[in-house]
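Colleague: Input file: target-v4.pdb. Contents: PDB, C-alpha atoms, pLDDT in the B column.
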```pdb
ATOM      1  CA  MET Z   1      63.570  80.621 121.879  1.00 61.00           C
ATOM      2  CA  ALA Z   2      60.743  81.831 124.114  1.00 62.00           C
ATOM      3  CA  ALA Z   3      61.758  79.286 126.748  1.00 68.00           C
ATOM      4  CA  GLY Z   4      65.305  80.671 126.721  1.00 67.00           C
ATOM      5  CA  ASP Z   5      66.956  77.660 125.091  1.00 77.00           C
ATOM      6  CA  VAL Z   6      70.176  78.441 123.247  1.00 84.00           C
ATOM      7  CA  TYR Z   7      70.344  75.162 121.316  1.00 88.00           C
ATOM      8  CA  THR Z   8      67.739  73.147 119.420  1.00 88.00           C
ATOM      9  CA  ALA Z   9      65.882  70.295 121.124  1.00 88.00           C
ATOM     10  CA  TYR Z  10      67.699  67.809 118.866  1.00 90.00           C
ATOM     11  CA  ALA Z  11      71.109  69.130 119.941  1.00 90.00           C
ATOM     12  CA  ILE Z  12      70.203  69.135 123.639  1.00 90.00           C
ATOM     13  CA  ASP Z  13      68.802  65.587 123.475  1.00 92.00           C
ATOM     14  CA  LYS Z  14      71.805  64.224 121.580  1.00 91.00           C
ATOM     15  CA  PHE Z  15      74.211  66.059 123.909  1.00 90.00           C
ATOM     16  CA  ARG Z  16      72.513  64.556 126.993  1.00 91.00           C
ATOM     17  CA  ARG Z  17      72.631  61.017 125.570  1.00 90.00           C
ATOM     18  CA  VAL Z  18      76.325  61.364 124.721  1.00 88.00           C
ATOM     19  CA  GLU Z  19      77.009  62.950 128.100  1.00 86.00           C
ATOM     20  CA  ALA Z  20      75.613  59.883 129.894  1.00 85.00           C
ATOM     21  CA  LYS Z  21      77.923  57.677 127.850  1.00 82.00           C
ATOM     22  CA  ALA Z  22      81.026  59.799 128.521  1.00 80.00           C
ATOM     23  CA  SER Z  23      81.583  59.056 132.185  1.00 77.00           C
ATOM     24  CA  GLY Z  24      84.372  56.627 132.850  1.00 76.00           C
ATOM     25  CA  HIS Z  25      86.618  57.017 129.810  1.00 83.00           C
ATOM     26  CA  ASN Z  26      90.325  57.253 130.583  1.00 84.00           C
ATOM     27  CA  VAL Z  27      91.956  60.449 129.283  1.00 85.00           C
ATOM     28  CA  THR Z  28      95.680  60.770 128.608  1.00 85.00           C
ATOM     29  CA  ILE Z  29      97.203  64.108 127.640  1.00 83.00           C
ATOM     30  CA  PHE Z  30      99.506  63.831 124.634  1.00 83.00           C
ATOM     31  CA  HIS Z  31     100.267  67.483 124.000  1.00 83.00           C
ATOM     32  CA  ARG Z  32      98.736  70.201 126.175  1.00 81.00           C
ATOM     33  CA  ILE Z  33      99.661  73.115 123.856  1.00 84.00           C
ATOM     34  CA  HIS Z  34      98.248  71.435 120.728  1.00 85.00           C
ATOM     35  CA  GLN Z  35      95.350  70.086 122.812  1.00 87.00           C
ATOM     36  CA  THR Z  36      95.834  66.497 121.664  1.00 91.00           C
ATOM     37  CA  PHE Z  37      94.467  63.733 123.891  1.00 92.00           C
ATOM     38  CA  GLU Z  38      94.075  59.960 123.854  1.00 91.00           C
ATOM     39  CA  VAL Z  39      90.822  58.571 125.229  1.00 90.00           C
ATOM     40  CA  ILE Z  40      90.426  54.888 126.060  1.00 89.00           C
ATOM     41  CA  THR Z  41      86.788  53.819 126.287  1.00 84.00           C
ATOM     42  CA  ILE Z  42      85.518  51.601 129.074  1.00 77.00           C
ATOM     43  CA  LEU Z  43      83.858  48.213 128.747  1.00 72.00           C
ATOM     44  CA  HIS Z  44      80.124  48.792 128.587  1.00 65.00           C
ATOM     45  CA  GLY Z  45      76.845  46.944 128.392  1.00 62.00           C
ATOM     46  CA  PHE Z  46      76.299  43.245 128.384  1.00 60.00           C
ATOM     47  CA  HIS Z  47      78.849  42.778 125.618  1.00 57.00           C
ATOM     48  CA  MET Z  48      82.230  42.330 127.200  1.00 60.00           C
ATOM     49  CA  ASP Z  49      83.942  42.661 123.810  1.00 63.00           C
ATOM     50  CA  LYS Z  50      82.819  46.293 123.367  1.00 69.00           C
ATOM     51  CA  GLY Z  51      85.071  48.979 124.739  1.00 71.00           C
ATOM     52  CA  ARG Z  52      88.801  49.477 125.256  1.00 77.00           C
ATOM     53  CA  ASN Z  53      88.958  51.488 122.018  1.00 84.00           C
ATOM     54  CA  GLU Z  54      91.565  54.201 121.673  1.00 89.00           C
ATOM     55  CA  GLN Z  55      90.370  57.491 120.195  1.00 90.00           C
ATOM     56  CA  VAL Z  56      92.494  60.574 119.484  1.00 93.00           C
ATOM     57  CA  VAL Z  57      90.849  63.929 120.231  1.00 93.00           C
ATOM     58  CA  LYS Z  58      92.316  67.170 118.880  1.00 93.00           C
ATOM     59  CA  LEU Z  59      90.378  70.060 120.392  1.00 91.00           C
ATOM     60  CA  ASN Z  60      92.156  72.818 118.465  1.00 90.00           C
ATOM     61  CA  GLU Z  61      91.392  71.099 115.119  1.00 92.00           C
ATOM     62  CA  GLY Z  62      87.885  70.062 116.150  1.00 91.00           C
ATOM     63  CA  THR Z  63      88.417  66.387 115.350  1.00 92.00           C
ATOM     64  CA  CYS Z  64      87.995  63.021 117.013  1.00 93.00           C
ATOM     65  CA  SER Z  65      89.139  59.767 115.415  1.00 92.00           C
ATOM     66  CA  CYS Z  66      85.633  58.280 115.795  1.00 91.00           C
ATOM     67  CA  ASN Z  67      84.386  61.000 113.348  1.00 92.00           C
ATOM     68  CA  LYS Z  68      81.078  61.467 115.211  1.00 91.00           C
ATOM     69  CA  TRP Z  69      81.991  65.013 116.238  1.00 91.00           C
ATOM     70  CA  GLN Z  70      82.740  66.000 112.633  1.00 92.00           C
ATOM     71  CA  SER Z  71      79.648  64.214 111.297  1.00 92.00           C
ATOM     72  CA  PHE Z  72      76.979  65.513 113.677  1.00 91.00           C
ATOM     73  CA  GLY Z  73      78.489  68.811 114.837  1.00 91.00           C
ATOM     74  CA  ILE Z  74      77.878  67.754 118.445  1.00 92.00           C
ATOM     75  CA  PRO Z  75      80.822  66.589 120.576  1.00 93.00           C
ATOM     76  CA  CYS Z  76      81.098  62.833 121.025  1.00 91.00           C
ATOM     77  CA  SER Z  77      81.588  61.134 124.392  1.00 90.00           C
ATOM     78  CA  HIS Z  78      85.357  61.257 123.979  1.00 90.00           C
ATOM     79  CA  VAL Z  79      85.360  65.040 123.554  1.00 92.00           C
ATOM     80  CA  LEU Z  80      83.020  65.496 126.525  1.00 91.00           C
ATOM     81  CA  ASP Z  81      85.307  63.427 128.728  1.00 91.00           C
ATOM     82  CA  VAL Z  82      88.339  65.472 127.612  1.00 91.00           C
ATOM     83  CA  CYS Z  83      86.424  68.686 128.394  1.00 90.00           C
ATOM     84  CA  ALA Z  84      85.536  67.368 131.857  1.00 89.00           C
ATOM     85  CA  HIS Z  85      89.173  66.380 132.417  1.00 87.00           C
ATOM     86  CA  MET Z  86      90.432  69.828 131.357  1.00 88.00           C
ATOM     87  CA  ARG Z  87      87.518  71.696 133.056  1.00 90.00           C
ATOM     88  CA  ILE Z  88      86.386  73.287 129.776  1.00 90.00           C
ATOM     89  CA  ASP Z  89      82.778  74.140 128.893  1.00 92.00           C
ATOM     90  CA  SER Z  90      81.869  71.478 126.324  1.00 90.00           C
ATOM     91  CA  TRP Z  91      78.904  73.450 124.903  1.00 91.00           C
ATOM     92  CA  GLN Z  92      81.352  75.735 123.107  1.00 91.00           C
ATOM     93  CA  PHE Z  93      82.215  72.833 120.789  1.00 91.00           C
ATOM     94  CA  VAL Z  94      78.641  72.402 119.529  1.00 91.00           C
ATOM     95  CA  GLU Z  95      78.433  73.734 115.968  1.00 91.00           C
ATOM     96  CA  LYS Z  96      76.717  77.071 115.433  1.00 90.00           C
ATOM     97  CA  TYR Z  97      74.036  75.641 113.148  1.00 89.00           C
ATOM     98  CA  HIS Z  98      72.534  73.845 116.175  1.00 89.00           C
ATOM     99  CA  ARG Z  99      71.836  77.200 117.874  1.00 90.00           C
ATOM    100  CA  MET Z 100      68.261  78.489 118.029  1.00 89.00           C
ATOM    101  CA  ASP Z 101      69.143  81.848 116.441  1.00 89.00           C
ATOM    102  CA  ALA Z 102      70.650  80.095 113.411  1.00 89.00           C
ATOM    103  CA  TYR Z 103      67.591  77.837 113.255  1.00 85.00           C
ATOM    104  CA  ALA Z 104      65.280  80.866 113.335  1.00 85.00           C
ATOM    105  CA  ASN Z 105      67.321  82.628 110.628  1.00 88.00           C
ATOM    106  CA  ASN Z 106      66.528  79.781 108.244  1.00 84.00           C
ATOM    107  CA  TYR Z 107      62.881  80.828 108.318  1.00 83.00           C
ATOM    108  CA  ALA Z 108      63.436  84.597 108.526  1.00 84.00           C
ATOM    109  CA  LEU Z 109      63.224  85.103 104.765  1.00 85.00           C
ATOM    110  CA  GLU Z 110      59.880  85.604 103.087  1.00 84.00           C
ATOM    111  CA  PHE Z 111      58.236  82.625 101.429  1.00 81.00           C
ATOM    112  CA  ASN Z 112      56.130  83.362  98.364  1.00 84.00           C
ATOM    113  CA  PRO Z 113      53.263  81.033  97.494  1.00 88.00           C
ATOM    114  CA  ILE Z 114      53.220  79.433  94.057  1.00 89.00           C
ATOM    115  CA  PRO Z 115      50.367  80.824  91.920  1.00 89.00           C
ATOM    116  CA  HIS Z 116      47.865  78.716  90.002  1.00 91.00           C
ATOM    117  CA  GLU Z 117      49.075  77.100  86.778  1.00 88.00           C
ATOM    118  CA  SER Z 118      46.949  79.369  84.645  1.00 88.00           C
ATOM    119  CA  TYR Z 119      48.993  82.386  85.800  1.00 89.00           C
ATOM    120  CA  TRP Z 120      52.357  80.871  84.921  1.00 87.00           C
ATOM    121  CA  SER Z 121      54.280  82.553  82.113  1.00 86.00           C
ATOM    122  CA  TYR Z 122      54.346  80.706  78.807  1.00 84.00           C
ATOM    123  CA  HIS Z 123      57.719  79.716  77.335  1.00 83.00           C
ATOM    124  CA  ASP Z 124      57.928  78.716  73.702  1.00 86.00           C
ATOM    125  CA  PHE Z 125      60.423  75.889  73.957  1.00 89.00           C
ATOM    126  CA  PRO Z 126      60.656  73.377  71.107  1.00 90.00           C
ATOM    127  CA  ILE Z 127      58.901  70.077  71.742  1.00 88.00           C
ATOM    128  CA  LEU Z 128      61.414  67.234  71.770  1.00 89.00           C
ATOM    129  CA  HIS Z 129      60.373  63.855  70.401  1.00 89.00           C
ATOM    130  CA  PRO Z 130      62.449  60.708  70.926  1.00 87.00           C
ATOM    131  CA  ASN Z 131      64.134  59.104  67.940  1.00 90.00           C
ATOM    132  CA  PRO Z 132      62.134  55.913  67.221  1.00 87.00           C
ATOM    133  CA  THR Z 133      65.167  54.109  65.764  1.00 87.00           C
ATOM    134  CA  SER Z 134      67.109  54.445  69.029  1.00 86.00           C
ATOM    135  CA  MET Z 135      64.282  53.091  71.177  1.00 85.00           C
ATOM    136  CA  ARG Z 136      64.374  49.474  72.322  1.00 85.00           C
ATOM    137  CA  ASP Z 137      61.782  46.946  71.234  1.00 84.00           C
ATOM    138  CA  LYS Z 138      59.308  45.382  73.647  1.00 88.00           C
ATOM    139  CA  GLY Z 139      60.096  42.048  75.225  1.00 91.00           C
ATOM    140  CA  ARG Z 140      63.270  40.246  76.181  1.00 91.00           C
ATOM    141  CA  PRO Z 141      66.311  41.182  74.078  1.00 87.00           C
ATOM    142  CA  ARG Z 142      67.634  38.474  71.805  1.00 86.00           C
ATOM    143  CA  SER Z 143      70.862  36.844  72.985  1.00 87.00           C
ATOM    144  CA  SER Z 144      73.935  37.728  70.942  1.00 89.00           C
ATOM    145  CA  ARG Z 145      76.028  34.915  72.406  1.00 87.00           C
ATOM    146  CA  ILE Z 146      77.681  32.558  69.948  1.00 87.00           C
ATOM    147  CA  ARG Z 147      76.866  28.976  70.887  1.00 84.00           C
ATOM    148  CA  ASN Z 148      79.411  26.142  70.729  1.00 85.00           C
ATOM    149  CA  GLU Z 149      79.396  22.389  71.366  1.00 81.00           C
ATOM    150  CA  MET Z 150      79.380  22.815  75.159  1.00 81.00           C
ATOM    151  CA  ASP Z 151      75.975  24.456  75.014  1.00 78.00           C
ATOM    152  CA  PHE Z 152      74.204  21.465  73.509  1.00 75.00           C
ATOM    153  CA  LYS Z 153      72.993  18.749  75.891  1.00 72.00           C
ATOM    154  CA  GLU Z 154      73.705  15.084  75.258  1.00 69.00           C
ATOM    155  CA  LEU Z 155      70.784  12.736  75.126  1.00 65.00           C
ATOM    156  CA  ARG Z 156      70.595  10.695  78.286  1.00 66.00           C
ATOM    157  CA  VAL Z 157      69.451   7.112  78.291  1.00 67.00           C
ATOM    158  CA  ARG Z 158      67.133   6.204  81.185  1.00 71.00           C
ATOM    159  CA  VAL Z 159      67.698   2.854  82.737  1.00 67.00           C
TER     160      VAL Z 159
END
```
Go through the file and emit its structure as structure tokens.
Modeller:
Amino acid sequence: MAAGDVYTAYAIDKFRRVEAKASGHNVTIFHRIHQTFEVITILHGFHMDKGRNEQVVKLNEGTCSCNKWQSFGIPCSHVLDVCAHMRIDSWQFVEKYHRMDAYANNYALEFNPIPHESYWSYHDFPILHPNPTSMRDKGRPRSSRIRNEMDFKELRVRV
């Protein structure tokens, strides 16, 4: 917060990594009023079988069909490419819990140290003992399977 960052270091790092991946996706507008888009990913990396996936991004609902946006609270590469296509600030779609003020509010409350055991209050709860008849015996349990003629081996004659 002293450096003037609005978002946590984790959010900024993840956003930058996703931002590098976002360039080059093909965006098709399905419905401008409902803000529904189709994003086709590009072939990437050494694997020529990865890519050409179709993802549906709904900005007004805050969903992408890859579910990364909903899972992490940080827009995925598909959402970032849609924002670049529509000239929208993509940082507005980062969830509020990744902001530094929300992060600082987690630690704003007072923490009380736990006192030594000797200062704990005494509670007179009844002592519970296990029922010895319901406890299992030591060792491997005895098999309850009923044996038939298929279980007995025939004597083999060695030649």
Colleague: Could you please determine the separation between CA of His98 in chain Z and CA of Ile42 in chain Z in Å, to one decimal place?
Modeller: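 Those two atoms sit 28.8 Å apart.
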Colleague: Within 12 Å of (87.4, 54.1, 123.1) (coordinates as in the file), grab all the protein and nucleic acid residues, counting all atoms listed in the file, and write them out as a PyMOL selection string.
Modeller: chain Z and resi 21-28+37-44+49-57+64-66+76-79+81
Colleague: Using only C-alpha atoms, which residues sit within 7 Å of Tyr7 in chain Z once same-chain residues fewer than 3 positions away are excluded, as a list in words?
Modeller: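 Selected residues are Ala11, Ile12, His98, Arg99 and Met100 of chain Z.
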Colleague: Excluding Ser90 in chain Z and any residue of its chain fewer than 4 positions from it, enumerate the residues within 10 Å of it, using all atoms listed in the file, and give them as a list in words.
Modeller: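 That gives Phe15, Glu19, Ile74, Pro75, Val79, Leu80, Asp81, Val82, Cys83, Ala84 and Val94 of chain Z.
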Colleague: Grab all the atoms of range 123-135 of chain Z that the file lists, wrap them in a box along x, y and z, add 3 Å per side, and give me centre plus edge lengths in Å (one decimal) as AutoDock Vina command-line options.
Modeller:
```
--center_x 62.4 --center_y 66.4 --center_z 71.5 --size_x 15.4 --size_y 32.6 --size_z 17.6
```
Colleague: One decimal, in Å: what's the spacing between CA of Asn105 in chain Z and CA of Gln70 in chain Z?
Modeller: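 We find that CA of Asn105 in chain Z and CA of Gln70 in chain Z lie 22.8 Å from each other.
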Colleague: Skip Glu61 in chain Z itself and residues of its chain fewer than 6 positions away, then list as a PyMOL selection string all residues within 10 Å of it, counting only C-alpha atoms.
Modeller: chain Z and resi 34-36
Colleague: What does the structure give for the distance between CA of Gly73 in chain Z and CA of Lys96 in chain Z, in Å to one decimal?
Modeller: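 About the pair CA of Gly73 in chain Z and CA of Lys96 in chain Z: they are 8.5 Å apart.
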Colleague: Of the candidates Z:Asp101, Z:Val18, Z:Lys138, Z:Ser144, which one gets nearest to Phe72 in chain Z if we count all atoms listed in the file?
Modeller: Z:Val18
Colleague: My list of candidates is Z:Asp137, Z:Lys58, Z:Ser71, Z:Arg17. Which is closest to Glu95 in chain Z when distances are computed with all atoms listed in the file?
Modeller: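 Among Z:Asp137, Z:Lys58, Z:Ser71, Z:Arg17, it is Z:Ser71 that comes nearest to Glu95 in chain Z.
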